[in-house]
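The file structure-v2.txt comes next; it holds compact mmCIF, C-alpha atoms.
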# COMPACT_ATOMS: atom_id res chain seq x y z
CA MET A 1 12.85 0.07 -2.80
CA LYS A 2 9.49 -1.64 -3.30
CA LYS A 3 8.44 -0.73 0.23
CA LEU A 4 9.27 2.91 -0.52
CA LEU A 5 7.22 2.77 -3.72
CA LEU A 6 4.29 1.31 -1.79
CA LEU A 7 4.43 4.13 0.73
CA ILE A 8 4.68 6.83 -1.95
CA HIS A 9 1.76 5.36 -3.89
CA PHE A 10 -0.37 5.15 -0.75
CA VAL A 11 0.24 8.82 0.13
CA LEU A 12 -0.51 9.92 -3.43
CA CYS A 13 -3.74 7.92 -3.36
CA ILE A 14 -4.96 9.68 -0.21
CA ILE A 15 -4.26 13.06 -1.83
CA ALA A 16 -5.88 12.08 -5.14
CA VAL A 17 -9.01 10.63 -3.54
CA SER A 18 -9.50 13.74 -1.41
CA ALA A 19 -9.07 16.06 -4.40
CA GLN A 20 -11.39 14.02 -6.59
CA ASN A 21 -14.09 13.89 -3.94
CA ASP A 22 -13.90 17.68 -3.51
CA TYR A 23 -14.76 17.93 -7.20
CA GLU A 24 -17.41 15.22 -7.21
CA ASP A 25 -19.26 16.80 -4.30
CA THR A 26 -20.06 19.73 -6.60
CA VAL A 27 -21.50 17.68 -9.47
CA HIS A 28 -23.27 14.67 -7.95
CA PRO A 29 -26.04 14.71 -5.33
CA PHE A 30 -24.63 11.54 -3.81
CA ILE A 31 -22.75 10.85 -0.61
CA ASN A 32 -18.97 10.62 -0.93
CA GLU A 33 -16.87 9.04 1.79
CA ARG A 34 -13.57 10.91 1.67
CA SER A 35 -11.81 8.25 3.71
CA LEU A 36 -12.77 5.34 1.41
CA ILE A 37 -9.79 3.28 0.27
CA LYS A 38 -10.66 0.72 -2.41
CA GLY A 39 -9.11 -2.71 -2.51
CA ASN A 40 -6.86 -1.86 -5.46
CA GLU A 41 -5.37 1.04 -3.45
CA ARG A 42 -4.12 -1.23 -0.67
CA PHE A 43 -0.75 -1.94 -2.26
CA ASP A 44 0.88 -2.91 1.02
CA VAL A 45 -1.56 -5.82 1.33
CA TYR A 46 -1.65 -7.36 -2.13
CA VAL A 47 1.49 -6.33 -4.03
CA PRO A 48 3.74 -8.54 -1.84
CA LEU A 49 1.50 -11.51 -2.77
CA LEU A 50 2.35 -10.97 -6.43
CA GLU A 51 6.11 -10.87 -6.22
CA ASN A 52 7.89 -13.63 -8.15
CA LYS A 53 4.53 -14.83 -9.50
CA ARG A 54 3.08 -14.87 -13.00
CA ILE A 55 -0.02 -12.71 -13.00
CA GLY A 56 -3.22 -12.46 -15.01
CA VAL A 57 -5.49 -9.46 -14.47
CA VAL A 58 -9.23 -9.28 -15.12
CA CYS A 59 -9.72 -5.58 -15.70
CA ASN A 60 -11.02 -2.85 -17.96
CA HIS A 61 -11.18 0.95 -18.06
CA THR A 62 -12.70 1.03 -14.55
CA SER A 63 -9.57 -0.50 -13.04
CA ILE A 64 -8.14 2.87 -12.09
CA VAL A 65 -6.04 3.29 -8.97
CA CYS A 66 -6.48 6.43 -6.87
CA ASN A 67 -8.43 8.11 -9.71
CA LYS A 68 -5.12 8.44 -11.48
CA THR A 69 -3.44 5.44 -13.13
CA HIS A 70 -4.60 2.12 -14.51
CA LEU A 71 -4.01 -0.95 -12.36
CA ILE A 72 -1.87 -2.54 -15.08
CA ASP A 73 0.44 0.48 -15.30
CA THR A 74 0.60 0.66 -11.51
CA LEU A 75 1.60 -2.98 -11.16
CA LEU A 76 4.23 -2.60 -13.88
CA THR A 77 5.93 0.12 -11.83
CA TYR A 78 6.40 -2.56 -9.16
CA LYS A 79 7.94 -4.90 -11.74
CA ILE A 80 5.06 -7.35 -11.36
CA ASN A 81 5.20 -10.03 -14.04
CA ILE A 82 1.87 -9.55 -15.85
CA LYS A 83 1.37 -12.23 -18.47
CA THR A 84 -2.24 -11.73 -19.54
CA ILE A 85 -5.05 -9.18 -19.41
CA LEU A 86 -8.55 -10.69 -19.39
CA THR A 87 -11.37 -8.32 -20.31
CA PRO A 88 -15.17 -8.57 -19.86
CA GLU A 89 -18.03 -7.33 -22.04
CA HIS A 90 -17.31 -3.82 -23.44
CA GLY A 91 -13.58 -4.58 -23.79
CA PHE A 92 -10.39 -3.38 -22.14
CA LYS A 93 -11.13 0.30 -22.78
CA GLY A 94 -14.85 -0.06 -21.93
CA SER A 95 -15.66 1.60 -25.24
CA GLU A 96 -17.55 -1.20 -26.95
CA GLU A 97 -21.33 -1.44 -26.89
CA ALA A 98 -23.17 -4.25 -25.11
CA GLY A 99 -23.03 -7.58 -26.91
CA LYS A 100 -20.17 -6.69 -29.25
CA LEU A 101 -17.38 -9.26 -29.65
CA ILE A 102 -13.87 -7.98 -29.01
CA ASN A 103 -10.87 -9.25 -30.96
CA GLY A 104 -7.53 -10.02 -29.33
CA LEU A 105 -5.07 -7.16 -28.76
CA ASN A 106 -1.79 -6.63 -26.96
CA TYR A 107 -0.60 -4.15 -24.34
CA TYR A 108 2.66 -2.65 -23.10
CA LYS A 109 4.96 -2.94 -26.12
CA ASP A 110 2.99 -6.00 -27.25
CA THR A 111 4.37 -8.05 -24.34
CA ILE A 112 1.06 -8.59 -22.54
CA LYS A 113 -1.68 -10.39 -24.41
CA ILE A 114 -5.29 -9.28 -24.06
CA ILE A 115 -7.99 -11.96 -24.08
CA SER A 116 -11.71 -11.19 -24.29
CA LEU A 117 -13.97 -13.08 -21.90
CA TYR A 118 -17.07 -12.60 -23.98
CA GLY A 119 -18.91 -14.33 -26.78
CA LYS A 120 -17.92 -17.98 -27.08
CA ASN A 121 -14.91 -17.52 -24.77
CA LYS A 122 -16.61 -16.49 -21.52
CA LYS A 123 -14.45 -18.76 -19.39
CA PRO A 124 -10.64 -18.67 -19.62
CA THR A 125 -9.34 -21.88 -21.15
CA ALA A 126 -6.55 -23.96 -19.62
CA GLU A 127 -4.28 -22.87 -22.47
CA GLN A 128 -5.02 -19.18 -21.89
CA ILE A 129 -4.01 -19.29 -18.22
CA ASN A 130 -1.46 -22.09 -18.15
CA ASP A 131 1.40 -19.60 -17.65
CA ILE A 132 -0.37 -17.80 -14.79
CA ASP A 133 -0.07 -18.43 -11.03
CA ILE A 134 -2.49 -15.78 -9.73
CA ILE A 135 -5.44 -13.99 -11.30
CA ILE A 136 -6.41 -10.55 -10.01
CA PHE A 137 -9.99 -9.37 -10.48
CA ASP A 138 -10.65 -5.61 -10.45
CA LEU A 139 -13.90 -4.49 -12.13
CA GLN A 140 -16.48 -1.92 -11.08
CA ASP A 141 -19.80 -3.73 -10.68
CA VAL A 142 -23.17 -1.94 -10.36
CA GLY A 143 -24.90 -4.43 -8.06
CA CYS A 144 -27.39 -5.94 -10.53
CA ARG A 145 -27.70 -9.61 -11.42
CA PHE A 146 -27.95 -8.90 -15.14
CA TYR A 147 -24.85 -6.69 -15.28
CA THR A 148 -22.46 -9.24 -16.72
CA TYR A 149 -19.29 -8.47 -14.76
CA ILE A 150 -20.40 -10.85 -12.00
CA SER A 151 -21.01 -13.53 -14.64
CA THR A 152 -17.44 -13.01 -15.84
CA LEU A 153 -16.31 -13.29 -12.20
CA GLU A 154 -18.05 -16.64 -11.87
CA TYR A 155 -16.50 -18.03 -15.07
CA VAL A 156 -13.06 -16.90 -13.89
CA MET A 157 -13.64 -18.62 -10.54
CA ALA A 158 -14.63 -21.81 -12.34
CA ALA A 159 -11.44 -21.66 -14.42
CA CYS A 160 -9.39 -21.15 -11.25
CA ILE A 161 -10.95 -24.26 -9.69
CA GLU A 162 -10.38 -26.36 -12.79
CA ASN A 163 -6.78 -25.23 -13.28
CA ASN A 164 -5.67 -24.83 -9.65
CA LYS A 165 -5.10 -21.08 -9.85
CA GLN A 166 -5.33 -18.53 -7.05
CA LEU A 167 -7.81 -15.66 -7.37
CA ILE A 168 -7.50 -12.26 -5.67
CA VAL A 169 -10.53 -9.93 -5.81
CA LEU A 170 -9.85 -6.25 -5.15
CA ASP A 171 -13.06 -5.04 -3.55
CA ARG A 172 -15.03 -1.96 -4.61
CA PRO A 173 -18.23 -0.12 -3.60
CA ASN A 174 -21.62 -1.30 -4.82
CA PRO A 175 -23.61 1.74 -6.02
CA ASN A 176 -26.89 -0.20 -5.75
CA ASN A 177 -26.20 -1.85 -2.43
CA PHE A 178 -29.66 -3.12 -1.55
CA VAL A 179 -31.71 -6.29 -1.96
CA ALA A 180 -34.69 -6.17 -4.32
CA GLY A 181 -36.39 -7.99 -7.17
CA PRO A 182 -37.40 -11.56 -7.85
CA VAL A 183 -34.95 -14.38 -7.15
CA LEU A 184 -33.83 -16.02 -10.38
CA LYS A 185 -35.37 -19.42 -11.20
CA ASN A 186 -33.36 -22.24 -12.76
CA ASN A 187 -35.28 -22.13 -16.02
CA CYS A 188 -34.20 -18.51 -16.55
CA LYS A 189 -30.44 -18.95 -16.15
CA SER A 190 -28.24 -17.29 -18.76
CA PHE A 191 -25.20 -15.02 -18.99
CA VAL A 192 -27.39 -12.19 -17.64
CA GLY A 193 -28.34 -14.31 -14.65
CA MET A 194 -26.25 -17.26 -13.49
CA GLN A 195 -27.23 -17.60 -9.84
CA ASN A 196 -30.48 -17.83 -7.86
CA ILE A 197 -30.19 -14.33 -6.45
CA PRO A 198 -32.46 -11.23 -6.59
CA VAL A 199 -32.00 -8.57 -9.26
CA CYS A 200 -30.18 -6.43 -6.68
CA TYR A 201 -28.21 -8.69 -4.35
CA GLY A 202 -26.82 -6.18 -1.85
CA LEU A 203 -23.19 -7.28 -1.75
CA THR A 204 -19.90 -5.81 -2.88
CA ILE A 205 -18.21 -7.80 -5.59
CA GLY A 206 -15.77 -9.21 -3.03
CA GLU A 207 -18.61 -10.28 -0.74
CA TYR A 208 -20.42 -11.81 -3.71
CA ALA A 209 -17.32 -13.77 -4.76
CA ASN A 210 -16.94 -15.07 -1.21
CA MET A 211 -20.60 -16.12 -1.07
CA ILE A 212 -20.73 -18.08 -4.32
CA ASN A 213 -17.38 -19.66 -3.52
CA LYS A 214 -18.14 -20.83 0.02
CA GLU A 215 -21.69 -21.86 -0.84
CA ASN A 216 -20.26 -24.06 -3.63
CA LEU A 217 -22.37 -22.24 -6.19
CA VAL A 218 -19.61 -22.07 -8.80
CA LYS A 219 -18.87 -25.79 -8.78
CA ALA A 220 -20.51 -28.42 -6.61
CA ASN A 221 -18.40 -29.29 -3.57
CA GLN A 222 -15.45 -27.27 -4.85
CA CYS A 223 -13.99 -23.90 -3.94
CA CYS A 224 -11.27 -21.86 -5.57
CA GLU A 225 -8.31 -20.47 -3.63
CA LEU A 226 -9.83 -17.04 -3.07
CA SER A 227 -8.53 -13.94 -1.32
CA ILE A 228 -10.51 -10.72 -0.93
CA ILE A 229 -8.65 -7.44 -0.48
CA PRO A 230 -11.28 -5.45 1.46
CA MET A 231 -11.85 -1.71 1.31
CA LEU A 232 -11.09 0.50 4.26
CA ASN A 233 -13.70 2.86 5.72
CA TYR A 234 -16.52 1.59 3.51
CA ASN A 235 -20.02 2.52 4.63
CA ARG A 236 -22.53 0.25 2.90
CA ASP A 237 -25.36 2.69 3.67
CA SER A 238 -23.75 5.42 1.55
CA ILE A 239 -24.15 5.86 -2.20
CA TYR A 240 -20.79 6.42 -3.82
CA SER A 241 -20.11 8.51 -6.89
CA LEU A 242 -18.05 6.28 -9.16
CA ASP A 243 -14.93 7.88 -10.58
CA VAL A 244 -15.24 6.08 -13.95
CA ALA A 245 -18.37 5.15 -15.91
CA PRO A 246 -18.65 1.34 -15.68
CA SER A 247 -19.82 0.91 -19.31
CA PRO A 248 -20.69 3.06 -22.35
CA ASN A 249 -24.40 3.39 -21.56
CA LEU A 250 -24.05 4.03 -17.83
CA GLN A 251 -22.45 7.46 -17.94
CA THR A 252 -24.00 9.10 -14.85
CA MET A 253 -24.83 8.11 -11.31
CA GLN A 254 -28.50 8.68 -12.09
CA ALA A 255 -28.33 6.16 -14.93
CA ILE A 256 -26.68 3.68 -12.56
CA ARG A 257 -29.42 4.21 -9.96
CA ASN A 258 -32.09 3.81 -12.65
CA TYR A 259 -30.49 0.70 -14.10
CA PRO A 260 -32.06 -2.01 -11.87
CA THR A 261 -35.51 -0.87 -13.01
CA LEU A 262 -34.96 0.46 -16.53
CA CYS A 263 -32.91 -2.51 -17.72
CA LEU A 264 -36.14 -4.53 -17.57
CA PHE A 265 -37.33 -2.49 -20.56
CA GLU A 266 -34.56 -4.16 -22.59
CA GLY A 267 -36.97 -7.09 -22.66
CA THR A 268 -39.70 -4.93 -24.24
CA PRO A 269 -40.01 -2.70 -27.33
CA VAL A 270 -39.53 0.40 -25.15
CA SER A 271 -36.37 2.44 -25.67
CA VAL A 272 -34.22 3.23 -22.65
CA GLY A 273 -32.42 5.99 -24.52
CA ARG A 274 -29.68 3.98 -26.20
CA GLY A 275 -28.39 6.10 -29.06
CA THR A 276 -29.01 9.36 -27.18
CA GLN A 277 -27.04 11.44 -24.69
CA ASP A 278 -29.24 10.12 -21.86
CA PRO A 279 -29.14 6.31 -21.88
CA PHE A 280 -31.00 4.78 -18.91
CA GLU A 281 -32.36 8.17 -17.96
CA ILE A 282 -35.29 8.23 -20.39
CA ILE A 283 -37.88 5.76 -21.69
CA GLY A 284 -40.27 5.95 -24.60
CA PHE A 285 -41.25 4.90 -28.11
CA PRO A 286 -42.71 6.55 -31.24
CA ALA A 287 -46.07 8.19 -30.50
CA TYR A 288 -45.81 7.58 -26.76
CA ASP A 289 -47.35 11.01 -26.24
CA LYS A 290 -50.45 9.92 -28.17
CA TYR A 291 -51.01 6.78 -26.11
CA SER A 292 -50.04 8.28 -22.74
CA LYS A 293 -52.83 10.86 -22.60
CA SER A 294 -54.86 8.61 -20.31
CA ASP A 295 -51.87 7.88 -18.05
CA LYS A 296 -52.51 9.71 -14.78
CA HIS A 297 -48.76 9.91 -14.09
CA ASN A 298 -48.02 11.77 -17.31
CA GLY A 299 -49.25 15.27 -17.86
CA SER A 300 -48.32 16.99 -21.10
CA ASN A 301 -45.57 18.92 -19.32
CA ASN A 302 -43.72 15.68 -18.59
CA ILE A 303 -43.43 14.52 -22.19
CA ILE A 304 -39.96 14.60 -23.77
CA SER A 305 -38.80 13.94 -27.32
CA PHE A 306 -35.69 12.10 -28.49
CA THR A 307 -34.35 10.50 -31.65
CA PRO A 308 -31.93 7.57 -31.18
CA LYS A 309 -28.88 7.79 -33.45
CA SER A 310 -26.10 5.36 -34.27
CA LEU A 311 -23.24 6.08 -31.85
CA LYS A 312 -20.04 4.20 -32.60
CA GLY A 313 -18.97 1.96 -29.76
CA ILE A 314 -21.98 2.96 -27.67
CA ALA A 315 -25.16 2.09 -29.56
CA GLU A 316 -24.52 1.43 -33.21
CA ASN A 317 -27.99 0.07 -33.98
CA PRO A 318 -30.26 1.28 -31.17
CA PRO A 319 -34.00 0.57 -31.03
CA PHE A 320 -35.97 3.09 -33.13
CA LYS A 321 -32.81 4.37 -34.79
CA ASP A 322 -33.48 7.69 -36.55
CA LYS A 323 -37.13 7.67 -35.47
CA LEU A 324 -38.69 10.39 -33.37
CA CYS A 325 -39.71 9.03 -29.98
CA THR A 326 -41.56 10.61 -27.12
CA GLY A 327 -41.42 9.49 -23.54
CA ARG A 328 -40.47 10.32 -19.97
CA ARG A 329 -37.36 11.29 -18.06
CA ILE A 330 -36.74 8.95 -15.12
CA SER A 331 -35.01 9.73 -11.82
CA ILE A 332 -35.11 6.90 -9.29
CA ASP A 333 -33.84 7.56 -5.78
CA THR A 334 -35.34 4.64 -3.90
CA ASN A 335 -33.82 1.26 -3.04
CA GLU A 336 -36.27 -0.92 -4.91
CA ILE A 337 -37.31 -2.07 -8.37
CA VAL A 338 -39.90 0.54 -9.40
CA LEU A 339 -42.29 -1.75 -11.25
CA GLU A 340 -44.82 1.04 -11.67
CA TYR A 341 -42.87 2.25 -14.71
CA VAL A 342 -43.09 -1.15 -16.42
CA ILE A 343 -46.76 -1.60 -15.50
CA ASP A 344 -47.71 1.89 -16.70
CA MET A 345 -45.86 1.43 -20.00
CA TYR A 346 -47.54 -1.94 -20.59
CA LYS A 347 -50.96 -0.37 -20.00
CA ILE A 348 -50.50 2.27 -22.68
CA TYR A 349 -48.46 0.27 -25.23
CA PRO A 350 -50.67 -0.24 -28.30
CA ASP A 351 -49.55 -3.81 -29.17
CA LYS A 352 -49.68 -5.61 -25.82
CA SER A 353 -49.30 -9.06 -27.40
CA ASN A 354 -45.76 -8.12 -28.44
CA PHE A 355 -44.77 -6.07 -25.39
CA PHE A 356 -42.78 -8.81 -23.60
CA THR A 357 -39.89 -10.45 -25.44
CA PRO A 358 -38.07 -13.64 -24.32
CA MET A 359 -35.32 -11.41 -22.89
CA PHE A 360 -37.76 -10.07 -20.30
CA ASP A 361 -37.87 -13.45 -18.54
CA LEU A 362 -34.08 -13.68 -18.56
CA LEU A 363 -33.73 -10.19 -17.07
CA THR A 364 -36.36 -10.67 -14.38
CA GLY A 365 -35.21 -14.26 -13.84
CA ASP A 366 -38.83 -15.21 -13.35
CA THR A 367 -41.44 -16.18 -15.96
CA GLU A 368 -44.20 -15.15 -13.54
CA MET A 369 -43.65 -11.40 -13.53
CA LYS A 370 -44.94 -10.77 -17.03
CA LYS A 371 -47.97 -12.95 -16.24
CA GLN A 372 -48.62 -10.89 -13.12
CA ILE A 373 -48.42 -7.65 -15.09
CA ILE A 374 -50.72 -8.98 -17.81
CA ALA A 375 -53.18 -10.11 -15.11
CA GLY A 376 -53.34 -6.58 -13.71
CA LYS A 377 -51.46 -7.15 -10.45
CA THR A 378 -50.21 -3.99 -8.75
CA ALA A 379 -46.53 -3.30 -8.21
CA GLN A 380 -46.96 -3.85 -4.48
CA GLN A 381 -48.69 -7.21 -5.02
CA ILE A 382 -45.88 -8.33 -7.31
CA ARG A 383 -43.17 -7.21 -4.88
CA MET A 384 -44.90 -9.06 -2.03
CA SER A 385 -44.78 -12.27 -4.07
CA TRP A 386 -40.98 -12.11 -3.90
CA ASN A 387 -40.78 -11.95 -0.08
CA LYS A 388 -40.39 -15.62 0.78
CA GLU A 389 -37.47 -16.22 -1.59
CA ILE A 390 -35.84 -12.90 -0.74
CA ASN A 391 -35.94 -13.81 2.95
CA GLU A 392 -34.30 -17.16 2.16
CA TYR A 393 -31.62 -15.35 0.18
CA GLU A 394 -31.07 -12.86 3.00
CA ASN A 395 -30.33 -15.72 5.39
CA VAL A 396 -27.45 -16.75 3.13
CA ARG A 397 -26.31 -13.22 2.30
CA LYS A 398 -25.91 -12.11 5.91
CA LYS A 399 -23.14 -14.69 6.44
CA TYR A 400 -20.92 -12.86 3.95
CA ILE A 401 -21.33 -9.22 4.96
CA MET A 402 -17.82 -7.87 5.45
CA TYR A 403 -18.56 -4.24 6.29

If you convert what's in this file into structure tokens, what do you get?
Amino acid sequence: MKKLLLLIHFVLCIIAVSAQNDYEDTVHPFINERSLIKGNERFDVYVPLLENKRIGVVCNHTSIVCNKTHLIDTLLTYKINIKTILTPEHGFKGSEEAGKLINGLNYYKDTIKIISLYGKNKKPTAEQINDIDIIIFDLQDVGCRFYTYISTLEYVMAACIENNKQLIVLDRPNPNNFVAGPVLKNNCKSFVGMQNIPVCYGLTIGEYANMINKENLVKANQCCELSIIPMLNYNRDSIYSLDVAPSPNLQTMQAIRNYPTLCLFEGTPVSVGRGTQDPFEIIGFPAYDKYSKSDKHNGSNNIISFTPKSLKGIAENPPFKDKLCTGRRISIDTNEIVLEYVIDMYKIYPDKSNFFTPMFDLLTGDTEMKKQIIAGKTAQQIRMSWNKEINEYENVRKKYIMY
């Protein structure tokens, strides 16, 4: 019976993916691979591994199978014994704003407990996973070091090592699948940067898990029992339209493509559009239009206006709440960190002494970048200063390319 269910689900997935991609082709100017089969759709490979085991699942609203049903609901149809749901930042439904703590809930007739892996409880405790044999990880990453789902992955891997648990990662596309940005330095490690990798590390989440595991980057001289369920027909040179927004403020593919660059503004007073309908698609601050008149990149026709508002679960207290801002609309289509935007904004910002906050160093992973900008270095000069460490990283990365 289970084999029949697997076959039926697989056929339905092929139909659903094809139908969804027909729709997405009309709304997104991004390449869609109709034949892509994500790791969580390969039931015939991983469902048999879960039979007669006690299962924990790291998941959220992105953990959708075949653009149709949630992974939890799918596994329950196979009578898989799910004991615990572990959720990252933004919660199980992905409806909570960045940084908000999520209280415990229950799922499926209150029989499955939900545990938040955020705040003070970033790593599952021995007590929280003592009744689990295998943990499944299925989250949609966006390929940036400071997007905290890979930090959650690392904490889960550490817990698996410490408590002798098996981990299965269901692989997914990386929508920013390129290598760019400074390599993080040890003095800038935090939850938004736990490993010495560039801002964009150019690996799928399965490849990344394999790299930090085999390179002993999670725990010295220790590896967890890790299995990767690879995608089928994945082309790492394509840009995939995601079927579900990965978090409340990344609602479009353009926002996701802008994110590696615009997130750096979270370490400055500049708004990235939180509290508007266009988060990570616009930047600005009050009276930007006044100070930008000398900016050669900004004619008067390019100025936009926006007023950040409190949006429940998305941006409840955004920068410049209820204040009229002016700024620019951003559309990045290149595989690099476009530092020109940061440099230009620094040049026109009226209070330069307060432009960079401590968060800027944590996001860049490098205390030198702000010094380079202050010193008047060009974007190209700054990017060239990253080359040596990026090349060293690439030598490690290439060992873990699966596709």

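Put simply, atom CA of Ile330 of chain A is 8.0 Å away from atom CA of Phe280 of chain A.
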
Sel. within 12 Å of pt (-33.1, -4.8, -24.2), counting all atoms listed in the file, output as a ChimeraX atom specification: /A:98-99,146,192,259,262-274,280,283,315,318-319,355-364

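Those residues that approach segment 131-133 of chain A to within 6 Å, counting all atoms listed in the file, are A:Arg54, A:Ile55, A:Lys165; same-chain residues fewer than 4 positions away are not listed.
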
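Between Phe285 of chain A and the candidates A:Leu242, A:Leu86, A:Ile348, A:Ile256, the tightest atom-to-atom separation, counting all atoms listed in the file, involves A:Ile348.
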
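The gap separating atom CA of Ile168 of chain A from atom CA of Gly39 of chain A is 10.2 Å, in Å to one decimal.
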
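Take the candidates A:Val244, A:Tyr147, A:Asp289, A:Gln277 and check each one against Ser310 of chain A using all atoms listed in the file; the shortest distance goes to A:Gln277.
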
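Of the listed residues (A:Asn354, A:Ile401, A:Glu340, A:Leu170), A:Glu340 comes nearest to Thr378 of chain A; the distances count all atoms listed in the file.
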
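If you look at atom CA of Phe320 of chain A and atom CA of Ser247 of chain A, they are 21.4 Å away from each other.
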
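Residue nearest Arg397 of chain A within the list A:Pro198, A:Gly313, A:Gly327, A:Pro182: A:Pro198 [criterion: smallest interatomic distance, only C-alpha atoms].
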
Please output segment 211-223 of chain A, rebuilt to include N, CA and C atoms, as a PDB file, in the frame of the given file.
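See part.pdb below for the written result:
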ATOM      1  N   MET A 211     -19.364 -15.365  -1.252  1.00  0.00           N
ATOM      2  CA  MET A 211     -20.600 -16.120  -1.070  1.00  0.00           C
ATOM      3  C   MET A 211     -20.711 -17.274  -2.059  1.00  0.00           C
ATOM      4  N   ILE A 212     -20.535 -16.995  -3.345  1.00  0.00           N
ATOM      5  CA  ILE A 212     -20.730 -18.080  -4.320  1.00  0.00           C
ATOM      6  C   ILE A 212     -19.617 -19.112  -4.223  1.00  0.00           C
ATOM      7  N   ASN A 213     -18.466 -18.702  -3.699  1.00  0.00           N
ATOM      8  CA  ASN A 213     -17.380 -19.660  -3.520  1.00  0.00           C
ATOM      9  C   ASN A 213     -17.663 -20.598  -2.339  1.00  0.00           C
ATOM     10  N   LYS A 214     -17.957 -20.010  -1.179  1.00  0.00           N
ATOM     11  CA  LYS A 214     -18.140 -20.830   0.020  1.00  0.00           C
ATOM     12  C   LYS A 214     -19.451 -21.604   0.027  1.00  0.00           C
ATOM     13  N   GLU A 215     -20.429 -21.121  -0.739  1.00  0.00           N
ATOM     14  CA  GLU A 215     -21.690 -21.860  -0.840  1.00  0.00           C
ATOM     15  C   GLU A 215     -21.638 -22.909  -1.957  1.00  0.00           C
ATOM     16  N   ASN A 216     -20.454 -23.081  -2.551  1.00  0.00           N
ATOM     17  CA  ASN A 216     -20.260 -24.060  -3.630  1.00  0.00           C
ATOM     18  C   ASN A 216     -21.210 -23.829  -4.803  1.00  0.00           C
ATOM     19  N   LEU A 217     -21.457 -22.569  -5.111  1.00  0.00           N
ATOM     20  CA  LEU A 217     -22.370 -22.240  -6.190  1.00  0.00           C
ATOM     21  C   LEU A 217     -21.674 -22.170  -7.547  1.00  0.00           C
ATOM     22  N   VAL A 218     -20.356 -22.088  -7.544  1.00  0.00           N
ATOM     23  CA  VAL A 218     -19.610 -22.070  -8.800  1.00  0.00           C
ATOM     24  C   VAL A 218     -19.457 -23.491  -9.322  1.00  0.00           C
ATOM     25  N   LYS A 219     -18.988 -24.374  -8.457  1.00  0.00           N
ATOM     26  CA  LYS A 219     -18.870 -25.790  -8.780  1.00  0.00           C
ATOM     27  C   LYS A 219     -19.252 -26.593  -7.549  1.00  0.00           C
ATOM     28  N   ALA A 220     -20.029 -27.613  -7.733  1.00  0.00           N
ATOM     29  CA  ALA A 220     -20.510 -28.420  -6.610  1.00  0.00           C
ATOM     30  C   ALA A 220     -19.349 -28.989  -5.810  1.00  0.00           C
ATOM     31  N   ASN A 221     -19.382 -28.734  -4.500  1.00  0.00           N
ATOM     32  CA  ASN A 221     -18.400 -29.290  -3.570  1.00  0.00           C
ATOM     33  C   ASN A 221     -16.965 -28.889  -3.872  1.00  0.00           C
ATOM     34  N   GLN A 222     -16.793 -27.740  -4.542  1.00  0.00           N
ATOM     35  CA  GLN A 222     -15.450 -27.270  -4.850  1.00  0.00           C
ATOM     36  C   GLN A 222     -15.369 -25.762  -4.627  1.00  0.00           C
ATOM     37  N   CYS A 223     -14.233 -25.317  -4.120  1.00  0.00           N
ATOM     38  CA  CYS A 223     -13.990 -23.900  -3.940  1.00  0.00           C
ATOM     39  C   CYS A 223     -12.668 -23.536  -4.610  1.00  0.00           C
TER      40      CYS A 223
END
